[in-house]
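Colleague: Please find query-v2.cif (mmCIF, N, CA and C atoms) on the next line:
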```cif
data_final
loop_
_atom_site.label_atom_id
_atom_site.label_comp_id
_atom_site.auth_asym_id
_atom_site.auth_seq_id
_atom_site.Cartn_x
_atom_site.Cartn_y
_atom_site.Cartn_z
N MET A 1222 118.91 149.58 85.53
CA MET A 1222 118.13 150.56 84.82
C MET A 1222 118.85 151.91 84.86
N THR A 1223 118.98 152.56 83.72
CA THR A 1223 119.67 153.85 83.66
C THR A 1223 118.77 154.96 84.20
N LEU A 1224 119.38 156.05 84.54
CA LEU A 1224 118.64 157.18 85.07
C LEU A 1224 117.78 157.83 84.01
N ARG A 1225 116.67 158.41 84.44
CA ARG A 1225 115.82 159.18 83.53
C ARG A 1225 116.48 160.53 83.26
N ARG A 1226 116.03 161.18 82.21
CA ARG A 1226 116.62 162.46 81.82
C ARG A 1226 116.52 163.50 82.94
N TYR A 1227 115.37 163.53 83.62
CA TYR A 1227 115.19 164.49 84.72
C TYR A 1227 116.25 164.27 85.79
N GLU A 1228 116.49 163.01 86.16
CA GLU A 1228 117.46 162.71 87.21
C GLU A 1228 118.87 163.07 86.77
N ARG A 1229 119.21 162.76 85.52
CA ARG A 1229 120.54 163.12 85.01
C ARG A 1229 120.73 164.63 85.03
N THR A 1230 119.72 165.34 84.58
CA THR A 1230 119.80 166.80 84.52
C THR A 1230 119.93 167.38 85.92
N ARG A 1231 119.17 166.85 86.86
CA ARG A 1231 119.25 167.34 88.25
C ARG A 1231 120.65 167.13 88.81
N ALA A 1232 121.24 165.98 88.56
CA ALA A 1232 122.59 165.71 89.06
C ALA A 1232 123.60 166.66 88.44
N LEU A 1233 123.45 166.96 87.16
CA LEU A 1233 124.40 167.83 86.47
C LEU A 1233 124.23 169.30 86.82
N VAL A 1234 122.99 169.74 87.01
CA VAL A 1234 122.74 171.16 87.29
C VAL A 1234 122.95 171.50 88.76
N GLU A 1235 122.38 170.68 89.66
CA GLU A 1235 122.45 170.99 91.08
C GLU A 1235 123.72 170.44 91.74
N GLY A 1236 124.39 169.53 91.08
CA GLY A 1236 125.57 168.90 91.65
C GLY A 1236 126.86 169.63 91.33
N ASP A 1237 127.94 168.92 91.51
CA ASP A 1237 129.27 169.46 91.28
C ASP A 1237 129.48 169.72 89.79
N PRO A 1238 129.84 170.95 89.40
CA PRO A 1238 130.08 171.25 87.99
C PRO A 1238 131.21 170.43 87.37
N ALA A 1239 132.08 169.90 88.19
CA ALA A 1239 133.20 169.10 87.68
C ALA A 1239 132.72 167.82 86.99
N LEU A 1240 131.54 167.33 87.37
CA LEU A 1240 131.02 166.11 86.76
C LEU A 1240 130.71 166.34 85.28
N ALA A 1241 129.99 167.41 84.96
CA ALA A 1241 129.70 167.72 83.55
C ALA A 1241 130.98 168.02 82.79
N ARG A 1242 131.91 168.71 83.45
CA ARG A 1242 133.19 169.04 82.81
C ARG A 1242 133.96 167.76 82.46
N ALA A 1243 133.91 166.77 83.35
CA ALA A 1243 134.61 165.50 83.10
C ALA A 1243 133.98 164.74 81.94
N ILE A 1244 132.66 164.79 81.84
CA ILE A 1244 131.98 164.13 80.71
C ILE A 1244 132.39 164.78 79.41
N VAL A 1245 132.39 166.11 79.36
CA VAL A 1245 132.78 166.83 78.14
C VAL A 1245 134.24 166.54 77.80
N HIS A 1246 135.09 166.52 78.80
CA HIS A 1246 136.51 166.22 78.57
C HIS A 1246 136.68 164.84 77.94
N GLU A 1247 135.93 163.87 78.42
CA GLU A 1247 136.02 162.52 77.85
C GLU A 1247 135.49 162.48 76.42
N VAL A 1248 134.38 163.16 76.17
CA VAL A 1248 133.81 163.18 74.81
C VAL A 1248 134.76 163.87 73.84
N GLU A 1249 135.28 165.02 74.23
CA GLU A 1249 136.20 165.74 73.35
C GLU A 1249 137.52 165.00 73.20
N GLY A 1250 137.93 164.26 74.21
CA GLY A 1250 139.17 163.50 74.15
C GLY A 1250 139.09 162.29 73.23
N ARG A 1251 137.90 161.81 72.98
CA ARG A 1251 137.72 160.64 72.12
C ARG A 1251 137.60 161.00 70.65
N ARG A 1252 137.71 162.26 70.33
CA ARG A 1252 137.62 162.66 68.92
C ARG A 1252 138.68 161.97 68.07
N ASP A 1253 139.88 161.86 68.60
CA ASP A 1253 140.96 161.25 67.83
C ASP A 1253 140.80 159.74 67.72
N GLU A 1254 139.89 159.15 68.49
CA GLU A 1254 139.65 157.72 68.44
C GLU A 1254 138.49 157.38 67.51
N GLY A 1255 138.09 158.30 66.68
CA GLY A 1255 137.00 158.05 65.74
C GLY A 1255 135.62 158.31 66.33
N ALA A 1256 135.55 158.96 67.49
CA ALA A 1256 134.27 159.26 68.09
C ALA A 1256 133.60 160.40 67.31
N ARG A 1257 132.33 160.53 67.54
CA ARG A 1257 131.58 161.57 66.83
C ARG A 1257 131.93 162.95 67.37
N GLU A 1258 132.05 163.89 66.48
CA GLU A 1258 132.46 165.24 66.86
C GLU A 1258 131.29 166.04 67.40
N VAL A 1259 131.60 166.97 68.30
CA VAL A 1259 130.60 167.86 68.87
C VAL A 1259 130.40 169.04 67.92
N THR A 1260 129.17 169.24 67.48
CA THR A 1260 128.82 170.36 66.61
C THR A 1260 127.89 171.29 67.38
N VAL A 1261 128.28 172.55 67.48
CA VAL A 1261 127.44 173.53 68.18
C VAL A 1261 126.35 173.99 67.22
N VAL A 1262 125.10 173.70 67.56
CA VAL A 1262 123.95 174.10 66.75
C VAL A 1262 123.57 175.54 67.06
N ASP A 1263 123.42 175.85 68.34
CA ASP A 1263 123.14 177.22 68.80
C ASP A 1263 124.21 177.59 69.81
N GLU A 1264 125.01 178.60 69.49
CA GLU A 1264 126.05 179.08 70.41
C GLU A 1264 125.42 179.47 71.74
N PRO A 1265 126.15 179.35 72.84
CA PRO A 1265 125.61 179.79 74.13
C PRO A 1265 125.18 181.25 74.05
N ARG A 1266 123.99 181.51 74.53
CA ARG A 1266 123.48 182.88 74.51
C ARG A 1266 122.65 183.15 75.75
N GLU A 1267 122.67 184.39 76.16
CA GLU A 1267 121.91 184.81 77.33
C GLU A 1267 120.51 185.21 76.90
N GLU A 1268 119.53 184.82 77.72
CA GLU A 1268 118.14 185.12 77.43
C GLU A 1268 117.44 185.48 78.73
N LEU A 1269 116.36 186.21 78.61
CA LEU A 1269 115.51 186.47 79.77
C LEU A 1269 114.31 185.55 79.68
N VAL A 1270 114.01 184.87 80.78
CA VAL A 1270 112.86 183.97 80.83
C VAL A 1270 111.94 184.43 81.95
N MET A 1271 110.66 184.19 81.77
CA MET A 1271 109.69 184.55 82.79
C MET A 1271 109.67 183.46 83.87
N VAL A 1272 109.64 183.88 85.12
CA VAL A 1272 109.59 182.96 86.25
C VAL A 1272 108.14 182.85 86.70
N GLN A 1273 107.59 181.64 86.56
CA GLN A 1273 106.20 181.40 86.91
C GLN A 1273 106.13 180.72 88.27
N VAL A 1274 105.27 181.21 89.15
CA VAL A 1274 105.10 180.62 90.47
C VAL A 1274 103.61 180.42 90.75
N ARG A 1275 103.33 179.56 91.72
CA ARG A 1275 101.96 179.29 92.11
C ARG A 1275 101.67 180.01 93.43
N GLU A 1276 100.60 180.76 93.44
CA GLU A 1276 100.16 181.46 94.64
C GLU A 1276 99.53 180.43 95.57
N THR A 1277 99.91 180.44 96.84
CA THR A 1277 99.52 179.35 97.74
C THR A 1277 98.07 179.40 98.21
N ALA A 1278 97.48 180.56 98.36
CA ALA A 1278 96.13 180.65 98.90
C ALA A 1278 95.09 180.07 97.93
N GLN A 1279 95.11 180.51 96.68
CA GLN A 1279 94.12 180.05 95.70
C GLN A 1279 94.69 179.08 94.68
N GLY A 1280 96.00 178.93 94.66
CA GLY A 1280 96.63 177.99 93.73
C GLY A 1280 96.74 178.50 92.31
N THR A 1281 96.61 179.79 92.10
CA THR A 1281 96.70 180.33 90.75
C THR A 1281 98.16 180.60 90.38
N LEU A 1282 98.43 180.54 89.09
CA LEU A 1282 99.77 180.82 88.58
C LEU A 1282 99.90 182.29 88.22
N PHE A 1283 101.09 182.84 88.47
CA PHE A 1283 101.37 184.20 88.03
C PHE A 1283 102.86 184.31 87.74
N TYR A 1284 103.23 185.35 87.02
CA TYR A 1284 104.64 185.56 86.67
C TYR A 1284 105.26 186.49 87.70
N LEU A 1285 106.29 185.99 88.36
CA LEU A 1285 106.98 186.74 89.39
C LEU A 1285 107.88 187.81 88.80
N GLY A 1286 108.48 187.50 87.66
CA GLY A 1286 109.39 188.44 87.01
C GLY A 1286 110.25 187.70 86.01
N GLU A 1287 111.36 188.31 85.64
CA GLU A 1287 112.26 187.71 84.66
C GLU A 1287 113.55 187.26 85.34
N ALA A 1288 114.17 186.25 84.74
CA ALA A 1288 115.46 185.75 85.23
C ALA A 1288 116.38 185.59 84.02
N LEU A 1289 117.67 185.81 84.25
CA LEU A 1289 118.67 185.64 83.21
C LEU A 1289 119.05 184.17 83.11
N MET A 1290 119.07 183.64 81.90
CA MET A 1290 119.40 182.25 81.66
C MET A 1290 120.36 182.18 80.47
N THR A 1291 121.28 181.22 80.51
CA THR A 1291 122.16 180.97 79.37
C THR A 1291 121.79 179.61 78.80
N SER A 1292 121.61 179.55 77.48
CA SER A 1292 121.23 178.29 76.84
C SER A 1292 122.18 177.99 75.68
N CYS A 1293 122.27 176.70 75.35
CA CYS A 1293 123.13 176.23 74.27
C CYS A 1293 122.54 174.95 73.72
N ARG A 1294 122.77 174.69 72.44
CA ARG A 1294 122.31 173.45 71.82
C ARG A 1294 123.44 172.90 70.97
N VAL A 1295 123.72 171.58 71.14
CA VAL A 1295 124.79 170.92 70.40
C VAL A 1295 124.28 169.62 69.80
N ARG A 1296 125.06 169.11 68.84
CA ARG A 1296 124.77 167.81 68.24
C ARG A 1296 126.04 166.96 68.38
N VAL A 1297 125.85 165.76 68.91
CA VAL A 1297 126.94 164.79 69.00
C VAL A 1297 126.44 163.55 68.26
N GLY A 1298 127.04 163.30 67.10
CA GLY A 1298 126.51 162.22 66.27
C GLY A 1298 125.12 162.60 65.81
N GLY A 1299 124.17 161.74 66.04
CA GLY A 1299 122.78 162.03 65.66
C GLY A 1299 121.94 162.54 66.80
N HIS A 1300 122.54 162.84 67.93
CA HIS A 1300 121.79 163.24 69.12
C HIS A 1300 122.00 164.71 69.44
N VAL A 1301 120.90 165.40 69.71
CA VAL A 1301 120.93 166.82 70.04
C VAL A 1301 120.79 166.95 71.55
N GLY A 1302 121.59 167.82 72.13
CA GLY A 1302 121.51 168.08 73.56
C GLY A 1302 121.31 169.55 73.82
N ARG A 1303 120.56 169.85 74.89
CA ARG A 1303 120.30 171.24 75.28
C ARG A 1303 120.86 171.47 76.66
N GLY A 1304 121.47 172.61 76.85
CA GLY A 1304 121.97 173.00 78.16
C GLY A 1304 121.41 174.36 78.52
N MET A 1305 120.80 174.44 79.70
CA MET A 1305 120.23 175.70 80.18
C MET A 1305 120.60 175.86 81.64
N ILE A 1306 121.07 177.05 81.99
CA ILE A 1306 121.49 177.32 83.36
C ILE A 1306 121.10 178.76 83.71
N LEU A 1307 120.61 178.94 84.93
CA LEU A 1307 120.30 180.29 85.38
C LEU A 1307 121.59 181.08 85.55
N GLY A 1308 121.56 182.31 85.12
CA GLY A 1308 122.73 183.17 85.22
C GLY A 1308 123.48 183.24 83.91
N SER A 1309 124.65 183.85 83.96
CA SER A 1309 125.47 184.05 82.77
C SER A 1309 126.69 183.14 82.84
N ASP A 1310 126.59 181.95 82.24
CA ASP A 1310 127.68 180.99 82.27
C ASP A 1310 127.67 180.18 80.97
N SER A 1311 128.33 180.73 79.95
CA SER A 1311 128.34 180.10 78.63
C SER A 1311 128.99 178.72 78.65
N ARG A 1312 130.11 178.59 79.36
CA ARG A 1312 130.83 177.31 79.40
C ARG A 1312 129.97 176.22 80.04
N ARG A 1313 129.29 176.55 81.12
CA ARG A 1313 128.44 175.57 81.82
C ARG A 1313 127.26 175.16 80.95
N ALA A 1314 126.66 176.10 80.21
CA ALA A 1314 125.56 175.76 79.32
C ALA A 1314 126.03 174.80 78.23
N TYR A 1315 127.23 175.05 77.69
CA TYR A 1315 127.81 174.16 76.68
C TYR A 1315 128.05 172.77 77.26
N GLU A 1316 128.64 172.71 78.46
CA GLU A 1316 128.91 171.42 79.09
C GLU A 1316 127.63 170.64 79.33
N LEU A 1317 126.59 171.31 79.79
CA LEU A 1317 125.31 170.63 80.03
C LEU A 1317 124.70 170.12 78.73
N ALA A 1318 124.86 170.88 77.65
CA ALA A 1318 124.32 170.46 76.35
C ALA A 1318 125.04 169.22 75.84
N VAL A 1319 126.37 169.20 75.94
CA VAL A 1319 127.14 168.04 75.48
C VAL A 1319 126.78 166.82 76.33
N ALA A 1320 126.72 166.99 77.64
CA ALA A 1320 126.36 165.87 78.52
C ALA A 1320 124.96 165.36 78.20
N ASP A 1321 124.03 166.26 77.94
CA ASP A 1321 122.66 165.85 77.59
C ASP A 1321 122.65 165.04 76.31
N ALA A 1322 123.41 165.46 75.32
CA ALA A 1322 123.43 164.75 74.04
C ALA A 1322 124.02 163.35 74.17
N VAL A 1323 125.16 163.24 74.82
CA VAL A 1323 125.81 161.93 74.88
C VAL A 1323 125.13 160.98 75.86
N LEU A 1324 124.54 161.50 76.93
CA LEU A 1324 123.88 160.62 77.89
C LEU A 1324 122.50 160.16 77.41
N SER A 1325 121.90 160.89 76.49
CA SER A 1325 120.61 160.46 75.95
C SER A 1325 120.77 159.48 74.80
N ALA A 1326 121.99 159.29 74.32
CA ALA A 1326 122.24 158.35 73.22
C ALA A 1326 122.23 156.92 73.76
N GLU A 1327 121.24 156.15 73.38
CA GLU A 1327 121.14 154.77 73.87
C GLU A 1327 122.23 153.88 73.27
N ASP A 1328 122.72 154.25 72.08
CA ASP A 1328 123.74 153.42 71.44
C ASP A 1328 125.16 153.84 71.82
N GLY A 1329 125.29 154.89 72.62
CA GLY A 1329 126.63 155.38 72.99
C GLY A 1329 127.14 154.74 74.26
N PRO A 1330 128.43 154.81 74.49
CA PRO A 1330 129.03 154.19 75.67
C PRO A 1330 128.94 155.06 76.93
N TRP A 1331 128.53 156.30 76.80
CA TRP A 1331 128.64 157.22 77.93
C TRP A 1331 127.57 157.02 78.98
N ALA A 1332 126.34 156.71 78.60
CA ALA A 1332 125.26 156.58 79.58
C ALA A 1332 125.59 155.53 80.63
N ALA A 1333 126.04 154.38 80.20
CA ALA A 1333 126.38 153.32 81.16
C ALA A 1333 127.64 153.66 81.95
N ALA A 1334 128.59 154.30 81.30
CA ALA A 1334 129.86 154.61 81.96
C ALA A 1334 129.69 155.66 83.07
N TRP A 1335 128.77 156.59 82.90
CA TRP A 1335 128.61 157.68 83.87
C TRP A 1335 127.42 157.49 84.80
N ASP A 1336 126.69 156.40 84.66
CA ASP A 1336 125.49 156.16 85.47
C ASP A 1336 125.81 156.18 86.97
N GLN A 1337 126.84 155.47 87.39
CA GLN A 1337 127.16 155.38 88.81
C GLN A 1337 127.59 156.74 89.37
N ALA A 1338 128.38 157.49 88.62
CA ALA A 1338 128.80 158.81 89.09
C ALA A 1338 127.61 159.75 89.24
N LEU A 1339 126.66 159.66 88.32
CA LEU A 1339 125.46 160.50 88.41
C LEU A 1339 124.61 160.09 89.61
N ARG A 1340 124.49 158.79 89.86
CA ARG A 1340 123.73 158.32 91.03
C ARG A 1340 124.38 158.80 92.34
N GLU A 1341 125.70 158.76 92.40
CA GLU A 1341 126.40 159.24 93.60
C GLU A 1341 126.19 160.73 93.80
N GLU A 1342 126.18 161.48 92.71
CA GLU A 1342 125.94 162.91 92.81
C GLU A 1342 124.51 163.19 93.28
N LEU A 1343 123.55 162.41 92.81
CA LEU A 1343 122.16 162.56 93.28
C LEU A 1343 122.08 162.27 94.78
N ALA A 1344 122.80 161.27 95.25
CA ALA A 1344 122.80 160.95 96.68
C ALA A 1344 123.39 162.10 97.49
N ARG A 1345 124.46 162.74 96.98
CA ARG A 1345 125.05 163.90 97.67
C ARG A 1345 124.06 165.07 97.71
N ILE A 1346 123.35 165.27 96.62
CA ILE A 1346 122.35 166.36 96.57
C ILE A 1346 121.24 166.09 97.58
N ASP A 1347 120.74 164.85 97.63
CA ASP A 1347 119.67 164.50 98.57
C ASP A 1347 120.15 164.68 100.01
N ALA A 1348 121.39 164.28 100.31
CA ALA A 1348 121.93 164.44 101.66
C ALA A 1348 122.06 165.91 102.02
N ARG A 1349 122.50 166.72 101.06
CA ARG A 1349 122.64 168.16 101.30
C ARG A 1349 121.28 168.80 101.59
N GLU A 1350 120.25 168.39 100.82
CA GLU A 1350 118.90 168.93 101.02
C GLU A 1350 118.29 168.46 102.33
N ALA A 1351 118.57 167.21 102.72
CA ALA A 1351 118.06 166.69 104.00
C ALA A 1351 118.70 167.44 105.17
N ALA A 1352 119.99 167.74 105.07
CA ALA A 1352 120.67 168.48 106.13
C ALA A 1352 120.11 169.90 106.24
N ALA A 1353 119.82 170.52 105.10
CA ALA A 1353 119.23 171.86 105.12
C ALA A 1353 117.83 171.82 105.72
N ALA A 1354 117.04 170.80 105.40
CA ALA A 1354 115.70 170.67 105.96
C ALA A 1354 115.77 170.44 107.46
N ALA A 1355 116.75 169.68 107.93
CA ALA A 1355 116.91 169.44 109.37
C ALA A 1355 117.28 170.73 110.10
N ARG A 1356 118.13 171.56 109.48
CA ARG A 1356 118.49 172.84 110.11
C ARG A 1356 117.28 173.75 110.22
N VAL A 1357 116.41 173.74 109.22
CA VAL A 1357 115.21 174.57 109.26
C VAL A 1357 114.20 174.02 110.27
N ALA A 1358 114.08 172.69 110.33
CA ALA A 1358 113.11 172.07 111.22
C ALA A 1358 113.40 172.36 112.69
N CYS A 1359 114.66 172.51 113.04
CA CYS A 1359 114.98 172.77 114.45
C CYS A 1359 114.59 174.17 114.89
N THR A 1360 114.21 175.04 113.97
CA THR A 1360 113.77 176.39 114.33
C THR A 1360 112.25 176.51 114.36
N LYS A 1361 111.56 175.40 114.15
CA LYS A 1361 110.09 175.41 114.11
C LYS A 1361 109.53 175.76 115.49
N VAL A 1362 108.55 176.64 115.50
CA VAL A 1362 107.93 177.09 116.74
C VAL A 1362 106.44 176.80 116.68
N ASP A 1363 105.89 176.26 117.78
CA ASP A 1363 104.44 176.06 117.90
C ASP A 1363 103.87 177.33 118.51
N PHE A 1364 103.21 178.16 117.71
CA PHE A 1364 102.75 179.46 118.17
C PHE A 1364 101.57 179.38 119.12
N SER A 1365 100.86 178.23 119.16
CA SER A 1365 99.75 178.13 120.10
C SER A 1365 100.25 178.02 121.53
N THR A 1366 101.42 177.44 121.72
CA THR A 1366 101.98 177.31 123.07
C THR A 1366 103.28 178.07 123.23
N MET A 1367 103.82 178.54 122.12
CA MET A 1367 105.10 179.24 122.08
C MET A 1367 106.24 178.37 122.60
N ARG A 1368 106.13 177.06 122.36
CA ARG A 1368 107.21 176.14 122.71
C ARG A 1368 108.00 175.81 121.46
N VAL A 1369 109.27 175.65 121.62
CA VAL A 1369 110.13 175.25 120.52
C VAL A 1369 110.10 173.73 120.44
N GLU A 1370 109.83 173.22 119.21
CA GLU A 1370 109.82 171.78 119.02
C GLU A 1370 111.21 171.32 118.64
N ALA A 1371 111.62 170.18 119.17
CA ALA A 1371 112.96 169.67 118.84
C ALA A 1371 112.88 168.56 117.84
#
```
Using the file provided, produce a representation of the structure as structure tokens.
Modeller:
Amino acid sequence: MTLRRYERTRALVEGDPALARAIVHEVEGRRDEGAREVTVVDEPREELVMVQVRETAQGTLFYLGEALMTSCRVRVGGHVGRGMILGSDSRRAYELAVADAVLSAEDGPWAAAWDQALREELARIDAREAAAAARVACTKVDFSTMRVEA
């Protein structure tokens, strides 16, 4: 079973940027082999987006403020891909858009070819997050007894 779009996006955004770059390199390299050309629908552009968070006491939503985001939209064959990344990184937004377009194409060769690499990247992300959680957990203090839990 192939990865869902959320999982693919998580691997590409939170993982090593070289993975998306490699996908784009392969797609652009196949142009001379009769592959479908990448057409930029919306050039990468910087935008301000509102950051919405949930207040923990009552569970209500509120807007924390604005964040800078770069977005891009491309078409590869009949498939449209969107790339969005926090910060100012036009190249990364383009790479994410191309990867989104080709990996969402069920009739294309890329989804199956890159599935294992994306799964490995997800495993690295999960391991990195587990290690960070373990580092935080070792600093947990029980304030009723003031003992440090190990």
Colleague: Using only C-alpha atoms, which residues sit within 7 Å of Gly1236 of chain A once same-chain residues fewer than 3 positions away are excluded, as a ChimeraX atom specification?
Modeller: /A:1232-1233,1342,1346
Colleague: How would you write, as a PyMOL selection string, the residues chosen by the PyMOL selection byres (((chain A and resi 1243 and name CA) around 12) and name CA) on this structure?
Modeller: chain A and resi 1233+1237-1242+1244-1250+1313+1316-1317+1319-1320+1331+1334-1335+1338-1339
Colleague: Just the number, please: distance in Å from atom N of Glu1228 of chain A to atom C of Gly1299 of chain A, one decimal.
Modeller: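 Going from atom N of Glu1228 of chain A over to atom C of Gly1299 of chain A covers 20.1 Å.
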Colleague: Would you mind reading off the distance between atom C of Ala1354 of chain A and atom N of Glu1287 of chain A, one decimal, in Å?
Modeller: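 Between atom C of Ala1354 of chain A and atom N of Glu1287 of chain A the gap is 28.5 Å.
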Colleague: Quick one, how far is atom CA of Ser1309 of chain A from atom CA of Ser1292 of chain A?
Modeller: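 Calculated distance between atom CA of Ser1309 of chain A and atom CA of Ser1292 of chain A is 9.3 Å.
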Colleague: Dump as a list of chain:residue names all residues having an atom at most 9 Å from (124.2, 176.1, 76.3), computed in the file's coordinates with only C-alpha atoms.
Modeller: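 Collected hits near the coordinates: A:Asp1263, A:Glu1264, A:Pro1265, A:Arg1266, A:Thr1291, A:Ser1292, A:Cys1293, A:Arg1294, A:Val1295, A:Gly1302, A:Arg1303, A:Gly1304, A:Met1305, A:Ile1306, A:Asp1310, A:Ser1311, A:Arg1312, A:Arg1313, A:Ala1314, A:Tyr1315, A:Glu1316, A:Leu1317, A:Ala1318, A:Val1319.
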Colleague: Can you spell out as a list in words the set of residues that the PyMOL selection byres (((chain A and resi 1298 and name CA) around 8) and name CA) selects in the structure I just provided?
Modeller: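 With the PyMOL selection byres (((chain A and resi 1298 and name CA) around 8) and name CA) on this model, the match is Arg1257, Glu1258, Val1259, Arg1296, Val1297, Gly1299 and His1300 of chain A.
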Colleague: Apply DSSP to the backbone of this structure and, from segment 1250-1341 of chain A, keep only the residues in strand (DSSP E); write these as a PyMOL selection string.
Modeller: chain A and resi 1259-1275+1282-1297+1300-1307
Colleague: Apply DSSP to the structure's backbone, then extract all residues of chain A labelled alpha helix (DSSP H) and return them as number ranges by chain.
Modeller: A: 1226-1235, 1238-1250, 1311-1325, 1331-1358
Colleague: Taking all atoms listed in the file into account, which of A:Leu1285, A:Ala1322, A:Arg1275, A:Glu1268 comes nearest Val1301 of chain A?
Modeller: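 Smallest distance to Val1301 of chain A is found for A:Ala1322.
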